[in-house]
Each structure stands twice: as C-alpha cells, then as structure tokens.
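Next comes query.txt, a file with compact mmCIF, C-alpha atoms.
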# COMPACT_ATOMS: atom_id res chain seq x y z
CA MET A 188 0.89 20.97 -16.78
CA ILE A 189 3.71 21.38 -14.27
CA LEU A 190 1.29 21.14 -11.33
CA VAL A 191 -0.06 17.86 -12.77
CA ILE A 192 3.34 16.21 -13.42
CA LEU A 193 5.29 17.53 -10.42
CA PRO A 194 3.44 15.50 -7.73
CA PHE A 195 4.13 12.25 -9.60
CA ILE A 196 7.84 13.11 -9.91
CA CYS A 197 7.95 13.85 -6.17
CA VAL A 198 6.23 10.53 -5.42
CA LEU A 199 8.75 8.61 -7.54
CA LEU A 200 11.64 10.36 -5.78
CA ALA A 201 10.05 9.57 -2.43
CA VAL A 202 9.73 5.91 -3.46
CA GLY A 203 13.46 5.82 -4.22
CA PHE A 204 14.40 7.21 -0.83
CA PHE A 205 11.81 4.96 0.84
CA THR A 206 13.78 1.96 -0.44
CA LEU A 207 16.99 3.47 0.97
CA PHE A 208 15.27 4.16 4.29
CA GLU A 209 14.01 0.57 4.41
CA ARG A 210 17.45 -0.87 3.74
CA LYS A 211 19.02 1.37 6.40
CA VAL A 212 16.42 0.45 9.05
CA LEU A 213 16.65 -3.26 8.28
CA ALA A 214 20.44 -2.97 8.46
CA ALA A 215 20.17 -1.34 11.90
CA ILE A 216 17.81 -4.12 13.07
CA MET A 217 20.32 -6.73 11.84
CA ILE A 218 23.29 -4.75 13.28
CA ARG A 219 25.00 -3.99 9.97
CA LYS A 220 25.68 -0.85 7.92
CA GLY A 221 23.44 -1.08 4.87
CA PRO A 222 24.12 0.89 1.66
CA ASN A 223 26.92 3.41 2.29
CA LYS A 224 29.12 3.45 -0.82
CA VAL A 225 27.22 5.39 -3.50
CA GLY A 226 27.32 9.09 -2.53
CA TYR A 227 27.51 10.48 0.99
CA MET A 228 26.17 7.84 3.42
CA GLY A 229 24.66 6.00 0.45
CA LEU A 230 22.20 8.80 -0.42
CA MET A 231 22.68 8.26 -4.16
CA GLN A 232 21.98 4.52 -3.92
CA PRO A 233 18.33 4.80 -5.14
CA PHE A 234 19.46 6.54 -8.35
CA SER A 235 22.14 3.90 -8.87
CA ASP A 236 19.61 1.09 -8.42
CA ALA A 237 17.10 2.76 -10.76
CA GLY A 238 19.74 3.30 -13.44
CA LYS A 239 20.89 -0.31 -13.17
CA LEU A 240 17.37 -1.75 -13.42
CA PHE A 241 16.19 0.40 -16.33
CA CYS A 242 19.41 -0.20 -18.29
CA LYS A 243 19.16 -3.99 -18.00
CA GLU A 244 17.60 -6.01 -20.78
CA PHE A 245 13.88 -6.68 -20.49
CA ILE A 246 13.72 -10.45 -21.00
CA PHE A 247 10.43 -12.25 -21.63
CA PRO A 248 9.71 -16.01 -21.54
CA ASN A 249 9.20 -17.83 -24.83
CA TYR A 250 5.69 -18.95 -23.90
CA ALA A 251 4.53 -15.70 -22.30
CA ASN A 252 1.55 -13.73 -23.62
CA LEU A 253 3.54 -10.72 -24.79
CA GLY A 254 0.81 -8.05 -24.82
CA PRO A 255 -0.41 -8.43 -21.23
CA PHE A 256 3.15 -9.26 -20.11
CA TYR A 257 4.37 -5.84 -21.28
CA VAL A 258 1.28 -3.91 -20.14
CA ALA A 259 0.98 -5.31 -16.58
CA PRO A 260 3.92 -3.42 -14.93
CA GLY A 261 2.82 -0.10 -16.44
CA LEU A 262 -0.78 -0.74 -15.37
CA MET A 263 0.28 -1.48 -11.79
CA LEU A 264 2.45 1.64 -11.60
CA GLY A 265 -0.24 3.82 -13.20
CA ILE A 266 -2.93 2.66 -10.76
CA SER A 267 -0.59 3.17 -7.81
CA LEU A 268 0.36 6.71 -8.89
CA SER A 269 -3.27 7.61 -9.62
CA LEU A 270 -3.98 7.28 -5.90
CA TRP A 271 -1.91 10.40 -5.28
CA ILE A 272 -4.35 12.55 -7.27
CA MET A 273 -6.57 12.33 -4.19
CA TYR A 274 -3.91 13.79 -1.89
CA PRO A 275 -5.59 16.80 -0.17
CA MET A 276 -3.10 19.51 -1.14
CA ASN A 277 -3.86 23.03 0.07
CA PHE A 278 -2.51 24.83 -2.99
CA VAL A 279 -4.75 23.23 -5.65
CA ASP A 280 -8.37 23.90 -6.48
CA MET A 281 -9.20 20.35 -7.60
CA MET A 282 -10.74 18.19 -4.88
CA PHE A 283 -12.53 14.85 -4.94
CA VAL A 284 -15.86 15.11 -3.13
CA PHE A 285 -15.94 11.31 -2.71
CA SER A 286 -12.19 10.82 -2.38
CA MET A 287 -12.49 7.97 0.13
CA LEU A 288 -14.74 5.98 -2.20
CA GLN A 289 -12.39 6.78 -5.07
CA PHE A 290 -9.45 5.50 -2.99
CA LEU A 291 -11.32 2.29 -2.19
CA ALA A 292 -12.26 1.72 -5.84
CA THR A 293 -8.75 2.43 -7.16
CA ALA A 294 -7.11 0.24 -4.51
CA SER A 295 -9.49 -2.59 -5.46
CA VAL A 296 -8.62 -2.32 -9.17
CA SER A 297 -4.88 -2.69 -8.46
CA VAL A 298 -5.28 -6.46 -8.07
CA PHE A 299 -5.94 -6.75 -11.83
CA GLY A 300 -2.35 -5.76 -12.60
CA VAL A 301 -1.05 -8.58 -10.38
CA MET A 302 -3.50 -11.01 -11.98
CA MET A 303 -2.43 -9.96 -15.46
CA ALA A 304 1.28 -10.27 -14.63
CA GLY A 305 0.87 -13.76 -13.15
CA TRP A 306 -1.30 -15.07 -15.97
CA ALA A 307 0.71 -13.53 -18.82
CA SER A 308 4.00 -14.97 -17.52
CA ASN A 309 2.69 -18.48 -18.31
CA SER A 310 4.56 -19.86 -15.31
CA LYS A 311 3.01 -21.97 -12.57
CA TYR A 312 4.93 -20.09 -9.86
CA ALA A 313 3.82 -16.69 -11.16
CA LEU A 314 0.22 -17.88 -11.57
CA LEU A 315 0.13 -19.30 -8.04
CA GLY A 316 1.50 -16.01 -6.69
CA SER A 317 -1.17 -14.00 -8.49
CA VAL A 318 -3.95 -16.32 -7.27
CA ARG A 319 -2.71 -15.88 -3.71
CA SER A 320 -2.67 -12.12 -4.21
CA ILE A 321 -6.26 -12.03 -5.47
CA ALA A 322 -7.56 -14.22 -2.61
CA GLN A 323 -5.67 -12.21 0.01
CA SER A 324 -6.73 -8.82 -1.38
CA ILE A 325 -10.41 -9.79 -1.65
CA SER A 326 -10.41 -11.21 1.89
CA TYR A 327 -8.90 -8.13 3.51
CA GLU A 328 -10.80 -5.59 1.40
CA ILE A 329 -13.89 -6.43 3.47
CA PRO A 330 -12.54 -5.29 6.89
CA PHE A 331 -10.64 -2.56 5.05
CA SER A 332 -13.93 -1.20 3.65
CA LEU A 333 -15.92 -1.67 6.87
CA ILE A 334 -13.42 0.35 8.91
CA LEU A 335 -13.35 3.07 6.26
CA PHE A 336 -17.16 3.27 6.20
CA THR A 337 -17.19 3.53 9.99
CA ILE A 338 -14.98 6.63 9.79
CA THR A 339 -17.15 8.18 7.09
CA SER A 340 -20.34 7.39 9.04
CA VAL A 341 -19.05 9.14 12.15
CA SER A 342 -17.54 12.14 10.32
CA PHE A 343 -20.47 12.47 7.84
CA SER A 344 -18.06 13.00 4.95
CA PHE A 345 -16.30 11.13 2.15
CA MET A 346 -13.65 13.85 1.61
CA PHE A 347 -10.13 13.50 2.97
CA GLN A 348 -10.00 17.26 3.68
CA GLU A 349 -13.18 17.23 5.78
CA VAL A 350 -12.16 14.08 7.67
CA MET A 351 -8.80 15.73 8.50
CA SER A 352 -10.63 18.77 9.88
CA TRP A 353 -13.13 16.62 11.79
CA GLN A 354 -10.40 14.54 13.43
CA GLU A 355 -8.70 17.74 14.61
CA SER A 356 -11.75 18.61 16.71
CA CYS A 357 -12.56 15.05 17.81
CA VAL A 358 -9.49 13.81 19.67
CA VAL A 359 -11.43 11.17 21.66
CA PHE A 360 -12.41 9.14 18.59
CA PHE A 361 -9.01 7.44 18.31
CA SER A 362 -9.22 6.08 21.88
CA MET A 363 -12.80 4.91 21.26
CA TYR A 364 -11.89 3.07 18.06
CA LEU A 365 -8.52 1.64 19.13
CA MET A 366 -9.60 -1.88 18.12
CA GLY A 367 -10.52 -0.65 14.65
CA PHE A 368 -7.17 1.11 14.38
CA SER A 369 -5.33 -2.12 15.24
CA LEU A 370 -7.36 -4.09 12.68
CA TRP A 371 -6.73 -1.38 10.07
CA LEU A 372 -2.94 -1.64 10.54
CA VAL A 373 -3.04 -5.39 9.98
CA SER A 374 -5.36 -4.94 6.99
CA ILE A 375 -3.06 -2.48 5.21
CA LEU A 376 -0.14 -4.88 5.73
CA ALA A 377 -2.19 -7.66 4.12
CA GLU A 378 -3.51 -5.40 1.33
CA ASN A 379 0.03 -4.30 0.41
CA HIS A 380 1.39 -7.87 0.71
CA ARG A 381 3.98 -6.91 3.28
CA ALA A 382 5.65 -9.11 5.88
CA PRO A 383 4.47 -11.01 7.81
CA PHE A 384 1.76 -11.44 5.12
CA ASP A 385 4.00 -11.46 2.02
CA PHE A 386 2.70 -14.79 0.69
CA VAL A 387 2.45 -13.35 -2.83
CA GLU A 388 6.25 -13.26 -2.93
CA GLY A 389 7.01 -16.20 -0.63
CA GLU A 390 10.55 -17.01 -1.74
CA SER A 391 10.57 -20.43 -0.09
CA GLU A 392 7.61 -21.71 -2.15
CA LEU A 393 7.08 -19.40 -5.13
CA VAL A 394 10.57 -18.14 -6.09
CA SER A 395 9.51 -14.45 -5.82
CA GLY A 396 5.89 -15.03 -6.79
CA PHE A 397 3.97 -13.31 -9.58
CA ASN A 398 6.96 -11.17 -10.71
CA VAL A 399 9.40 -14.08 -11.04
CA GLU A 400 9.61 -13.75 -14.86
CA TYR A 401 10.14 -9.97 -14.85
CA SER A 402 13.50 -8.27 -15.16
CA GLY A 403 14.91 -4.80 -15.80
CA GLY A 404 12.39 -1.99 -16.16
CA GLY A 405 9.34 -4.24 -15.73
CA PHE A 406 10.52 -5.43 -12.34
CA ALA A 407 11.40 -1.85 -11.36
CA MET A 408 7.89 -0.59 -12.20
CA ILE A 409 6.25 -3.39 -10.16
CA PHE A 410 8.62 -2.58 -7.30
CA MET A 411 7.80 1.15 -7.43
CA SER A 412 4.04 0.54 -7.57
CA GLU A 413 4.18 -1.52 -4.36
CA TYR A 414 6.16 1.10 -2.46
CA SER A 415 3.99 3.95 -3.74
CA SER A 416 0.88 2.11 -2.50
CA MET A 417 2.49 1.60 0.92
CA MET A 418 3.23 5.33 1.18
CA PHE A 419 -0.35 6.27 0.30
CA SER A 420 -1.73 3.70 2.76
CA SER A 421 0.39 5.35 5.46
CA PHE A 422 -1.05 8.73 4.51
CA VAL A 423 -4.65 7.45 4.59
CA THR A 424 -4.02 5.96 8.04
CA SER A 425 -2.80 9.34 9.31
CA VAL A 426 -5.83 11.15 7.88
CA MET A 427 -8.48 8.68 9.01
CA PHE A 428 -7.38 8.15 12.59
CA PHE A 429 -5.53 11.34 13.56
CA GLY A 430 -6.07 14.19 11.08
CA GLY A 431 -5.10 17.72 12.00
CA HIS A 432 -2.68 20.07 10.28
CA GLU A 433 -1.02 18.97 7.04
CA LEU A 434 2.45 19.06 8.65
CA PHE A 435 1.26 16.82 11.50
CA VAL A 436 -0.27 14.38 9.00
CA SER A 437 3.03 14.30 7.06
CA VAL A 438 5.01 13.44 10.21
CA LEU A 439 2.54 10.68 11.07
CA THR A 440 2.80 9.35 7.52
CA LEU A 441 6.56 9.02 7.98
CA PHE A 442 5.94 7.15 11.23
CA PHE A 443 3.61 4.64 9.53
CA ILE A 444 6.15 4.18 6.73
CA PHE A 445 8.62 3.26 9.45
CA PHE A 446 5.97 0.90 10.84
CA PHE A 447 5.92 -1.04 7.53
CA VAL A 448 9.70 -1.48 7.70
CA TRP A 449 9.82 -2.30 11.41
CA VAL A 450 7.19 -5.05 11.07
CA ARG A 451 9.15 -6.60 8.19
CA GLY A 452 12.31 -6.76 10.28
CA THR A 453 10.59 -8.03 13.43
CA PHE A 454 7.87 -10.63 12.74
CA PRO A 455 8.20 -13.98 10.94
CA ARG A 456 5.92 -14.92 8.05
CA MET A 457 2.50 -16.19 9.07
CA ARG A 458 0.89 -19.34 7.68
CA TYR A 459 -1.35 -18.63 4.68
CA ASP A 460 -4.36 -20.63 5.90
CA LYS A 461 -4.27 -18.83 9.27
CA LEU A 462 -4.20 -15.46 7.53
CA MET A 463 -7.27 -16.31 5.44
CA TYR A 464 -9.13 -17.72 8.45
CA LEU A 465 -8.35 -14.58 10.44
CA GLY A 466 -9.58 -12.34 7.63
CA TRP A 467 -12.96 -14.06 7.34
CA THR A 468 -13.67 -14.33 11.09
CA ILE A 469 -12.38 -11.74 13.58
CA PHE A 470 -11.35 -9.16 11.00
CA THR A 471 -14.81 -9.22 9.39
CA ILE A 472 -17.05 -9.58 12.45
CA VAL A 473 -15.54 -6.91 14.73
CA PRO A 474 -15.61 -3.98 12.20
CA LEU A 475 -19.09 -5.04 11.06
CA VAL A 476 -20.44 -4.99 14.63
CA PHE A 477 -18.87 -1.57 15.27
CA LEU A 478 -20.27 -0.18 11.99
CA MET A 479 -23.75 -1.47 12.82
CA GLY A 480 -23.48 0.14 16.26
CA VAL A 481 -22.52 3.48 14.71
CA VAL A 482 -25.46 3.29 12.25
CA VAL A 483 -27.93 2.40 15.02
CA LEU A 484 -26.70 5.24 17.24
CA GLY A 485 -26.92 7.63 14.31
CA CYS A 486 -30.50 6.60 13.55
CA CYS A 487 -31.51 6.90 17.20
CA SER A 488 -30.01 10.36 17.54
Translate this structure into structure tokens?
Amino acid sequence: MILVILPFICVLLAVGFFTLFERKVLAAIMIRKGPNKVGYMGLMQPFSDAGKLFCKEFIFPNYANLGPFYVAPGLMLGISLSLWIMYPMNFVDMMFVFSMLQFLATASVSVFGVMMAGWASNSKYALLGSVRSIAQSISYEIPFSLILFTITSVSFSFMFQEVMSWQESCVVFFSMYLMGFSLWLVSILAENHRAPFDFVEGESELVSGFNVEYSGGGFAMIFMSEYSSMMFSSFVTSVMFFGGHELFVSVLTLFFIFFFVWVRGTFPRMRYDKLMYLGWTIFTIVPLVFLMGVVVLGCCS
C-alpha cells in the first residue's frame, strides 16, 4: 500500500516545488526576487499557497451544473496522476508492456476533464476556453502520436524501459531525428496549453478560460493536474529521445521542466488561427513522411 501511495505523494510535492521553481526563474528573467518571505529563501512558499487555496471557500455559480462542476477538478487531477503509474521505476515488479500506448490513451482522455469543467460552469468564457482546449488538443495529438509511433517503430518496443535501453546504445538516432525532436517540443507545449500556446487561459479574451468559475480547492486541483502533466511530458521527452541511465533521464527531465518555464518567460503568445494552421500542415505532414519512411525501410530490410 505504501509503495502505491508514496509515488503520488512525491509527485504532489514535486508539483509544489515546480511552482516555486517557475516563479523563481520567471523572477530572474524579469530581474526581480520572486517568493522569498515564507521560510528560508521562500522554500516553504508552496505549502503556504496550498494551505491558502484549500482553506478558501469553494464557491459555485448559481446556474452551474453542480455534479460535473464538483467532479471535473478531481477527474483532471486523477488522470494526470495516473500517468505516473507508467514511470519505469527499477525497484518495482509491475511494468506496462504497452506503456507508450497507455500514455497516449491517458493523455487523450485528459481533455474530457477540461470539457466537463467548461460546460458545467455554465459560463460563456469557460465554455469558449474548453472548446479551444479540445480543438487544440485534438490538432496536436496527431503529430504527437506520429512522432511517438516513429520512436516505437525504430526501437521495436512500446515499453518505456526498453526504449530507454535502446536509446543508450543508439546515440546517433537523436541527430537523425532532430526535426522530429523540435516538432515534439512544440507539440508538448501545445498539448499542455503552455505559453506561447496558452489560448485556453488567454486572460485578455477569456478571463482565465475554462477555470474562471473555480476557486479554492477546485482551482488548486486543476492547477496541480496541469503541472503534473508537464512534469510527465518532460520525462517522456527524456526517455524517447535520449534514454540511458535513470539518473541521466532524471537530470534531463529537470532540464525540460526548465524549458517549459524559459519558453513562458521568453516568447509572446501566438495567434490562435496560426497555431491551428501550423498543426494541420507542417506539424502533420513532416512526422507522417518520416514515419512512412521508417516503415518502408523496415519492410525493405
């Protein structure tokens, strides 16, 4: 029981310190201090924020659909945490033989929580934010899936553990598939609704988007689910394109977490129509051509 619960507790703690890390990096980019009052150098700030959010009153709109409105934050957090079951730990016996397919299926289901939250709020801003989220996620799931299937086709495995081992002995693959790696980085930014593709929460048009009606613990759970998904996307990037020893993968995961924060503090928000056009043209054609090339070469050999 402890081995089942402990990873989720560690993930939630990591999410808290991820938010602190993000605020510190953004503060450094903007030449300011960031959180530094609660605890030594602000290290207790995540616990202060969590306590404040979960102690606040959970307010719901008069015209909201109460059942789905209450369920949506828990559903989003549960789906996000369920991704971490597929983490290839060395000290457990349980392994997913088709962990990459399981990751793809679970990541695809996460959009239903956003849809439920936007619809149940009974607000036009929340509904518009959820519609944007669904369209954006569906558009970028296609290149997302094509790049993932290219990796599995070359490595002949759907297991994270086997792909990690294969990448350790195939150091030239990253240089060969540099274009796919670049497209993958943009795709995970779009899939996780991060800047410069954060149209789901575009403050200038949607007043915080699909979660505008949430407060207190509901908002905190939506917030934690997004950051947990970003952390797992960073881990999957490390496994798929670099692999190697578990310590090396962990260091690379931290680097890609920093990448999420650095992009947010560097690039302005893109136009929504340009993002959708990009997803259905270049980001679909290039991975598809590369996947077809891999399949043809595999059949010929």
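Near Asn249 in chain A, within 10 Å and counting only C-alpha atoms, sit Leu253, Ser308 and Asn309 of chain A, not including residues fewer than 4 positions from it in the same chain.
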So that I can see what lies close to Pro233 in chain A, please list as a list of chain:residue names the residues with an atom at most 10 Å from it, counting all atoms listed in the file and leaving out residues fewer than 4 positions away in the same chain.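 Counting all atoms listed in the file, the residues come to A:Leu200, A:Ala201, A:Val202, A:Gly203, A:Phe204, A:Phe205, A:Thr206, A:Leu207, A:Phe208, A:Pro222, A:Val225, A:Gly229, A:Ala237, A:Gly238, A:Lys239.
Closest approach to Glu413 in chain A from the set A:Ser320, A:Asn379, A:Ser437, A:Ser425 is made by A:Asn379, with distances taken over all atoms listed in the file.
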Between A:Ala382, A:Met263, A:Val298, A:Val423, which is the closest to Trp449 in chain A once you count all atoms listed in the file? A:Ala382
Using all atoms listed in the file, which residue out of A:Leu372, A:Val301, A:Ile334, A:Val436 lies closest to Phe256 in chain A?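 Selected residue with least distance to Phe256 in chain A: A:Val301.
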Counting only C-alpha atoms, which residue out of A:Phe397, A:Trp353, A:Phe347, A:Trp467 sits closest to Gly316 in chain A?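 Smallest separation from Gly316 in chain A among the options: A:Phe397.
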Got a sec: who's within 10 Å of Met457 in chain A, counting all atoms listed in the file, leaving out chain neighbours fewer than 4 positions off, as a ChimeraX atom specification? /A:382-386,461-462
